[in-house]
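Structure file start_3.csv (CSV, C-alpha atoms) follows.
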```csv
chain,number,residue,atom,x,y,z
A,260,MET,CA,38.7,33.1,-41.1
A,261,LYS,CA,37.1,31.4,-38.2
A,262,LEU,CA,34.1,29.2,-38.6
A,263,ARG,CA,31.8,29.2,-35.6
A,264,ARG,CA,30.3,25.9,-34.6
A,265,PRO,CA,26.5,26.3,-34.4
A,266,LYS,CA,25.1,25.8,-30.9
A,267,TYR,CA,22.3,23.3,-30.7
A,268,LEU,CA,20.0,23.2,-27.7
A,269,VAL,CA,19.7,19.5,-26.8
A,270,ASP,CA,17.1,18.8,-24.1
A,271,PRO,CA,17.5,15.5,-22.1
A,272,PRO,CA,14.5,13.3,-22.6
A,273,SER,CA,12.2,14.3,-19.8
A,274,SER,CA,9.5,11.7,-20.4
A,275,SER,CA,11.5,8.9,-18.7
A,276,MET,CA,12.4,11.0,-15.6
A,277,ASN,CA,9.2,10.0,-13.8
A,278,ASP,CA,9.9,6.4,-14.3
A,279,ILE,CA,13.5,6.7,-13.1
A,280,ALA,CA,12.4,8.6,-10.0
A,281,PHE,CA,9.7,6.0,-9.2
A,282,ILE,CA,12.1,3.1,-9.6
A,283,LEU,CA,14.7,4.9,-7.3
A,284,ILE,CA,12.0,5.5,-4.7
A,285,ILE,CA,11.0,1.8,-4.7
A,286,PHE,CA,14.6,0.8,-4.4
A,287,PHE,CA,15.1,3.1,-1.3
A,288,LEU,CA,11.9,1.8,0.2
A,289,VAL,CA,12.9,-1.8,-0.1
A,290,CYS,CA,16.3,-1.1,1.3
A,291,ALA,CA,14.9,0.8,4.3
A,292,SER,CA,12.3,-1.8,5.2
A,293,VAL,CA,14.7,-4.7,5.6
A,294,GLU,CA,14.8,-5.3,9.3
A,295,PRO,CA,16.1,-8.4,11.2
A,296,GLU,CA,13.3,-10.8,11.9
A,297,ASP,CA,15.2,-14.0,12.4
A,298,GLY,CA,14.8,-15.6,15.7
A,299,ARG,CA,13.4,-18.4,17.8
A,300,PRO,CA,9.7,-19.3,18.2
A,301,GLN,CA,8.8,-20.2,21.7
A,302,ILE,CA,5.6,-21.8,23.0
A,303,ILE,CA,4.7,-20.8,26.5
A,304,PRO,CA,1.8,-22.9,27.7
A,305,SER,CA,-1.1,-20.8,29.0
A,306,SER,CA,-1.8,-20.3,32.7
A,307,GLU,CA,-4.8,-22.6,32.8
A,308,LYS,CA,-2.8,-25.5,31.4
A,309,ASN,CA,-0.1,-24.9,34.0
A,310,GLU,CA,-2.6,-25.2,36.8
A,311,GLU,CA,-3.8,-28.6,35.5
A,312,GLN,CA,-0.2,-29.7,35.3
A,313,ASN,CA,0.7,-28.6,38.8
A,314,ASN,CA,-0.1,-32.1,40.1
A,315,THR,CA,2.7,-33.7,38.1
A,316,GLN,CA,6.2,-33.1,39.4
A,317,SER,CA,8.0,-30.8,37.1
A,318,ILE,CA,11.6,-29.7,37.0
A,319,GLU,CA,12.2,-26.3,38.5
A,320,VAL,CA,15.0,-24.1,37.1
A,321,GLY,CA,16.0,-21.0,38.9
A,322,LEU,CA,17.9,-18.3,37.1
A,323,THR,CA,20.3,-15.7,38.6
A,324,PRO,CA,22.3,-13.2,36.6
A,325,SER,CA,25.2,-15.5,36.3
A,326,THR,CA,24.2,-19.0,37.2
A,327,ALA,CA,21.2,-21.4,37.0
A,328,THR,CA,19.9,-23.9,39.6
A,329,ILE,CA,18.1,-27.1,39.0
A,330,ASP,CA,15.8,-28.0,41.9
A,331,GLY,CA,17.9,-25.8,44.1
A,332,THR,CA,21.3,-27.0,43.1
A,333,PRO,CA,23.5,-24.3,41.3
A,334,TYR,CA,25.3,-25.1,38.1
A,335,GLN,CA,27.5,-23.1,35.7
A,336,LYS,CA,26.3,-22.9,32.1
A,337,GLU,CA,28.2,-25.9,30.7
A,338,GLN,CA,27.3,-28.1,33.7
A,339,PHE,CA,23.7,-27.0,33.4
A,340,LYS,CA,23.6,-28.1,29.8
A,341,GLY,CA,24.7,-31.6,30.6
A,342,LYS,CA,22.6,-31.9,33.7
A,343,ILE,CA,19.3,-30.8,32.2
A,344,SER,CA,19.8,-33.0,29.1
A,345,GLN,CA,20.4,-35.9,31.5
A,346,ILE,CA,17.3,-35.2,33.5
A,347,LEU,CA,15.1,-34.6,30.5
A,348,SER,CA,16.3,-37.8,28.7
A,349,GLN,CA,14.7,-39.8,31.5
A,350,LYS,CA,11.3,-38.2,31.0
A,351,GLU,CA,8.9,-39.8,28.6
A,352,THR,CA,5.6,-37.9,28.6
A,353,GLU,CA,5.1,-34.2,27.6
A,354,SER,CA,3.8,-33.3,31.1
A,355,GLU,CA,7.0,-34.7,32.7
A,356,ARG,CA,9.1,-32.5,30.4
A,357,ILE,CA,7.7,-29.3,31.7
A,358,VAL,CA,10.4,-27.1,33.1
A,359,VAL,CA,9.3,-24.3,35.4
A,360,VAL,CA,11.7,-21.3,35.0
A,361,LYS,CA,11.8,-18.9,37.9
A,362,SER,CA,14.0,-15.9,37.3
A,363,GLN,CA,15.3,-13.3,39.7
A,364,ASN,CA,14.3,-9.8,38.8
A,365,ASP,CA,17.8,-8.8,37.6
A,366,VAL,CA,18.4,-11.6,35.2
A,367,PRO,CA,19.3,-10.1,31.8
A,368,TYR,CA,17.4,-11.1,28.7
A,369,GLU,CA,20.6,-12.5,27.0
A,370,HIS,CA,21.2,-14.9,29.9
A,371,TRP,CA,17.5,-15.9,30.0
A,372,ILE,CA,17.3,-16.6,26.3
A,373,ALA,CA,20.5,-18.7,26.4
A,374,MET,CA,19.3,-20.8,29.2
A,375,THR,CA,15.8,-21.4,27.8
A,376,GLU,CA,17.4,-22.3,24.5
A,377,ILE,CA,19.4,-25.0,26.3
A,378,ILE,CA,16.2,-26.3,28.0
A,379,GLU,CA,14.2,-26.4,24.7
A,380,LYS,CA,17.0,-28.1,22.8
A,381,SER,CA,17.2,-30.7,25.5
A,382,GLY,CA,13.5,-31.4,24.9
A,383,GLY,CA,12.0,-29.4,27.8
A,384,ILE,CA,8.9,-27.3,27.6
A,385,VAL,CA,9.5,-23.9,29.2
A,386,THR,CA,6.9,-22.4,31.5
A,387,LEU,CA,7.3,-19.3,33.6
A,388,LEU,CA,6.8,-18.9,37.3
A,389,LEU,CA,6.0,-15.2,38.0
A,390,GLU,CA,5.5,-13.6,41.4
A,391,GLU,CA,2.1,-11.9,41.7
A,392,GLU,CA,1.4,-9.0,43.9
A,393,GLN,CA,-1.9,-9.3,45.7
A,394,THR,CA,-3.5,-6.7,48.0
A,395,ILE,CA,-5.5,-8.2,50.8
A,396,ILE,CA,-7.8,-5.9,52.7
A,397,VAL,CA,-8.1,-6.9,56.4
A,398,GLU,CA,-11.5,-6.0,57.8
B,148,MET,CA,-22.8,29.6,-44.2
B,149,ILE,CA,-21.8,27.1,-41.6
B,150,LEU,CA,-19.4,28.3,-38.9
B,151,ARG,CA,-17.3,25.5,-37.5
B,152,ARG,CA,-16.8,25.6,-33.8
B,153,LYS,CA,-13.2,25.8,-32.9
B,154,LYS,CA,-12.0,22.6,-31.2
B,155,LEU,CA,-10.3,23.3,-27.9
B,156,GLU,CA,-7.8,20.7,-26.8
B,157,ALA,CA,-7.9,19.8,-23.1
B,158,ASN,CA,-4.8,17.8,-22.2
B,159,VAL,CA,-4.0,16.7,-18.7
B,160,PRO,CA,-0.6,18.3,-17.8
B,161,SER,CA,1.7,15.4,-17.6
B,162,MET,CA,4.6,17.3,-16.3
B,163,ALA,CA,3.1,17.5,-12.8
B,164,MET,CA,2.3,13.8,-12.6
B,165,GLY,CA,5.8,13.0,-11.3
B,166,ASP,CA,5.6,15.5,-8.6
B,167,ILE,CA,2.1,14.3,-7.6
B,168,ALA,CA,3.3,10.7,-7.4
B,169,PHE,CA,6.3,11.7,-5.4
B,170,LEU,CA,4.2,13.6,-2.8
B,171,LEU,CA,1.8,10.7,-2.5
B,172,LEU,CA,4.7,8.3,-1.9
B,173,ILE,CA,6.1,10.6,0.8
B,174,PHE,CA,2.7,10.7,2.4
B,175,ILE,CA,2.4,6.9,2.4
B,176,VAL,CA,5.9,6.4,3.7
B,177,LEU,CA,5.3,8.8,6.6
B,178,LEU,CA,2.1,7.0,7.5
B,179,ALA,CA,3.9,3.6,7.4
B,180,ARG,CA,6.7,5.0,9.6
B,181,ALA,CA,4.3,6.1,12.3
B,182,ARG,CA,3.3,2.4,12.8
B,183,ASP,CA,6.6,0.6,12.6
B,184,ASP,CA,9.3,0.3,15.3
B,185,SER,CA,12.4,0.9,13.3
B,186,HIS,CA,13.1,4.1,15.2
B,187,LEU,CA,13.5,2.3,18.5
B,188,VAL,CA,16.9,1.6,19.9
B,189,TRP,CA,17.6,-2.0,21.0
B,190,GLN,CA,20.3,-4.6,20.5
B,191,PRO,CA,19.3,-8.2,20.0
B,192,ALA,CA,20.6,-11.0,22.1
B,193,THR,CA,22.3,-13.9,20.3
B,194,GLY,CA,21.0,-17.3,19.5
B,195,SER,CA,21.6,-20.2,17.2
B,196,GLU,CA,19.5,-22.1,14.5
B,197,LEU,CA,17.3,-19.0,14.0
B,198,VAL,CA,14.3,-19.1,11.7
B,199,LYS,CA,12.2,-16.5,10.0
B,200,PRO,CA,8.6,-16.1,11.1
B,201,ALA,CA,6.0,-17.4,8.7
B,202,ASN,CA,3.9,-14.3,9.3
B,203,GLN,CA,3.8,-11.3,11.6
B,204,ASN,CA,0.8,-9.7,13.2
B,205,ALA,CA,2.2,-7.5,15.9
B,206,SER,CA,5.6,-6.6,17.4
B,207,ILE,CA,6.5,-5.9,20.9
B,208,VAL,CA,9.8,-4.0,21.6
B,209,ILE,CA,11.5,-3.4,24.9
B,210,ASP,CA,14.2,-0.9,24.2
B,211,LYS,CA,17.4,-0.1,26.1
B,212,MET,CA,15.5,2.3,28.4
B,213,ASN,CA,13.2,-0.6,29.5
B,214,ILE,CA,10.2,1.0,27.8
B,215,THR,CA,7.8,-1.4,26.2
B,216,TYR,CA,6.2,-0.6,22.8
B,217,LEU,CA,3.4,-2.4,20.9
B,218,ASN,CA,3.7,-1.8,17.2
B,219,GLY,CA,5.9,1.2,17.8
B,220,ARG,CA,3.7,2.9,20.5
B,221,PRO,CA,4.5,2.9,24.2
B,222,ILE,CA,2.4,0.7,26.3
B,223,GLN,CA,2.1,-0.4,29.9
B,224,ASN,CA,2.7,-4.1,30.6
B,225,GLU,CA,-0.8,-4.3,32.2
B,226,ASN,CA,-2.4,-3.2,28.9
B,227,ILE,CA,-0.5,-5.5,26.5
B,228,SER,CA,-2.8,-8.5,26.9
B,229,ASP,CA,-6.0,-6.6,26.1
B,230,GLN,CA,-4.6,-4.6,23.2
B,231,LEU,CA,-2.9,-7.6,21.7
B,232,SER,CA,-6.1,-9.7,22.0
B,233,ALA,CA,-7.9,-6.9,20.0
B,234,LEU,CA,-5.1,-6.9,17.4
B,235,LEU,CA,-5.0,-10.6,16.9
B,236,GLY,CA,-8.8,-11.0,17.0
B,237,GLU,CA,-10.0,-14.4,15.8
B,238,LEU,CA,-6.9,-15.3,13.8
B,239,PRO,CA,-6.3,-19.1,13.6
B,240,PRO,CA,-3.4,-20.8,15.3
B,241,GLY,CA,-0.3,-20.4,13.2
B,242,SER,CA,-1.2,-16.9,12.1
B,243,ARG,CA,-0.9,-15.2,15.5
B,244,THR,CA,2.9,-14.5,15.5
B,245,VAL,CA,4.1,-11.7,17.8
B,246,LEU,CA,7.6,-10.5,17.2
B,247,PHE,CA,9.4,-10.0,20.5
B,248,LYS,CA,12.3,-7.7,20.3
B,249,VAL,CA,14.1,-7.1,23.6
B,250,HIS,CA,17.3,-5.3,24.2
B,251,LYS,CA,19.9,-7.8,25.4
B,252,ASP,CA,20.5,-6.2,28.8
B,253,VAL,CA,16.8,-5.7,29.8
B,254,VAL,CA,16.1,-7.6,33.0
B,255,ALA,CA,13.5,-10.2,33.8
B,256,GLU,CA,11.4,-7.7,35.8
B,257,HIS,CA,10.5,-6.0,32.5
B,258,PHE,CA,10.4,-8.7,29.9
B,259,GLU,CA,8.7,-11.6,31.8
B,260,PRO,CA,5.4,-9.8,32.3
B,261,ALA,CA,5.4,-9.0,28.6
B,262,ILE,CA,5.9,-12.7,27.7
B,263,GLU,CA,3.1,-13.6,30.1
B,264,ALA,CA,0.8,-11.0,28.4
B,265,ILE,CA,1.6,-12.4,24.9
B,266,SER,CA,0.7,-15.9,26.2
B,267,GLU,CA,-2.5,-14.7,27.8
B,268,ALA,CA,-3.6,-13.0,24.5
B,269,GLY,CA,-3.0,-16.2,22.6
B,270,GLY,CA,0.0,-14.8,20.7
B,271,GLU,CA,2.7,-17.0,19.3
B,272,LEU,CA,5.9,-15.7,20.6
B,273,HIS,CA,8.9,-15.2,18.3
B,274,HIS,CA,12.1,-13.9,19.9
B,275,VAL,CA,14.0,-11.8,17.4
B,276,LEU,CA,17.7,-12.7,17.9
B,277,GLU,CA,21.0,-12.2,16.2
B,278,PRO,CA,22.9,-15.2,14.9
B,279,LEU,CA,26.0,-16.2,16.9
B,280,THR,CA,28.3,-15.9,13.9
B,281,ALA,CA,27.5,-12.3,13.4
B,282,ILE,CA,29.3,-11.2,16.6
B,283,LYS,CA,32.4,-9.3,15.8
B,284,THR,CA,35.2,-9.5,18.4
B,285,PRO,CA,37.3,-6.3,18.7
```
Could you render the structure as structure tokens?
Amino acid sequence: MKLRRPKYLVDPPSSSMNDIAFILIIFFLVCASVEPEDGRPQIIPSSEKNEEQNNTQSIEVGLTPSTATIDGTPYQKEQFKGKISQILSQKETESERIVVVKSQNDVPYEHWIAMTEIIEKSGGIVTLLLEEEQTIIVE
Amino acid sequence: MILRRKKLEANVPSMAMGDIAFLLLIFIVLLARARDDSHLVWQPATGSELVKPANQNASIVIDKMNITYLNGRPIQNENISDQLSALLGELPPGSRTVLFKVHKDVVAEHFEPAIEAISEAGGELHHVLEPLTAIKTP
């Protein structure tokens, strides 16, 4: 004689499902919103301030895609680091430590950021020199 | 003879609550996605001694196609200053951080005008970079 096991209908507890779904959604949201934000703050003095400081003699750094120049003399990256540190160590006031960076149009951001990092770590204050286009109407 | 009124129970159907909450969340997530810039393709340049920004009021991205975005929306360089000024309003110094995310190969012709515009708007520039140690050599 075979004894049949009775079948019980067991429902999973559905009341906690909402909470589980909610916690899972929050978990995914937190994971999705983590974006890189680490970086380097940079203070670029405003144009008005630059105009005031034009009277003092500032260091001019020119950037090309592969090299950098200091007051017209070209240097490789390692040489540049030593030279700019040497120049800036002799400067005492804040206005003397202003470094005017003039980049060629094809200088990549990676090179620019590396060079300005060197200048700032050496104590320099970076300002930009941009070319402006002006339309002059001749009468 | 007093006839008692039959009491009708009116319960809020709790089974649908989960679905309603879920739909609301999807709606909120979609709205949030429309503002952020996580869909943009750019690769950060490298740097050392990186710090986290104390706050963040706006973000400017220049992607690998040299297109500039303010808070995830395309913008011309000439309009950055005005729109950023409106976004930053009268916030005090120290609370005017602008995240600047530029693809590492973008050239000065495209990123320098954006830097100038941030400076003009009184934004505090924060270059988003990748730590040097994170570079994997093949």
**Prompt:** Quick one: which residues from chain A are at most 10 Å off chain B, using only C-alpha atoms, as a PyMOL selection string?
**Reply:** chain A and resi 273-274+276-278+280-281+284-285+288+291-307+322-324+361-373+376+386-390
**Message:** One decimal, in Å: what's the spacing between CA of Ile222 in chain B and CA of Ala205 in chain B?
**Reply:** 13.2 Å
**Asked** Quick one: distance from CA of Lys211 in chain B to CA of Thr375 in chain A in Å, one decimal?
**Response** 21.4 Å
**Asked** What separation in Å, quoted to one decimal, exists between CA of Gln316 in chain A and CA of Gly382 in chain A?
**Response**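 Spanning CA of Gln316 in chain A to CA of Gly382 in chain A is a straight-line distance of 16.3 Å.
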**Message:** Residues within 6 Å of (8.9, -3.5, 20.8), file coordinates, counting all atoms listed in the file: what are they? Give the list as number ranges by chain.
**Reply:** B: 206-209, 215-217, 248
Selection near range 330-334 of chain A, 10 Å with all atoms listed in the file, sequence-local residues under 4 positions removed, as a CSV table (one decimal) with C-alpha atoms, keeping the file's coordinate frame:
```
chain,number,residue,atom,x,y,z
A,317,SER,CA,8.0,-30.8,37.1
A,318,ILE,CA,11.6,-29.7,37.0
A,319,GLU,CA,12.2,-26.3,38.5
A,320,VAL,CA,15.0,-24.1,37.1
A,321,GLY,CA,16.0,-21.0,38.9
A,322,LEU,CA,17.9,-18.3,37.1
A,323,THR,CA,20.3,-15.7,38.6
A,325,SER,CA,25.2,-15.5,36.3
A,326,THR,CA,24.2,-19.0,37.2
A,338,GLN,CA,27.3,-28.1,33.7
A,339,PHE,CA,23.7,-27.0,33.4
A,340,LYS,CA,23.6,-28.1,29.8
A,341,GLY,CA,24.7,-31.6,30.6
A,342,LYS,CA,22.6,-31.9,33.7
A,359,VAL,CA,9.3,-24.3,35.4
```
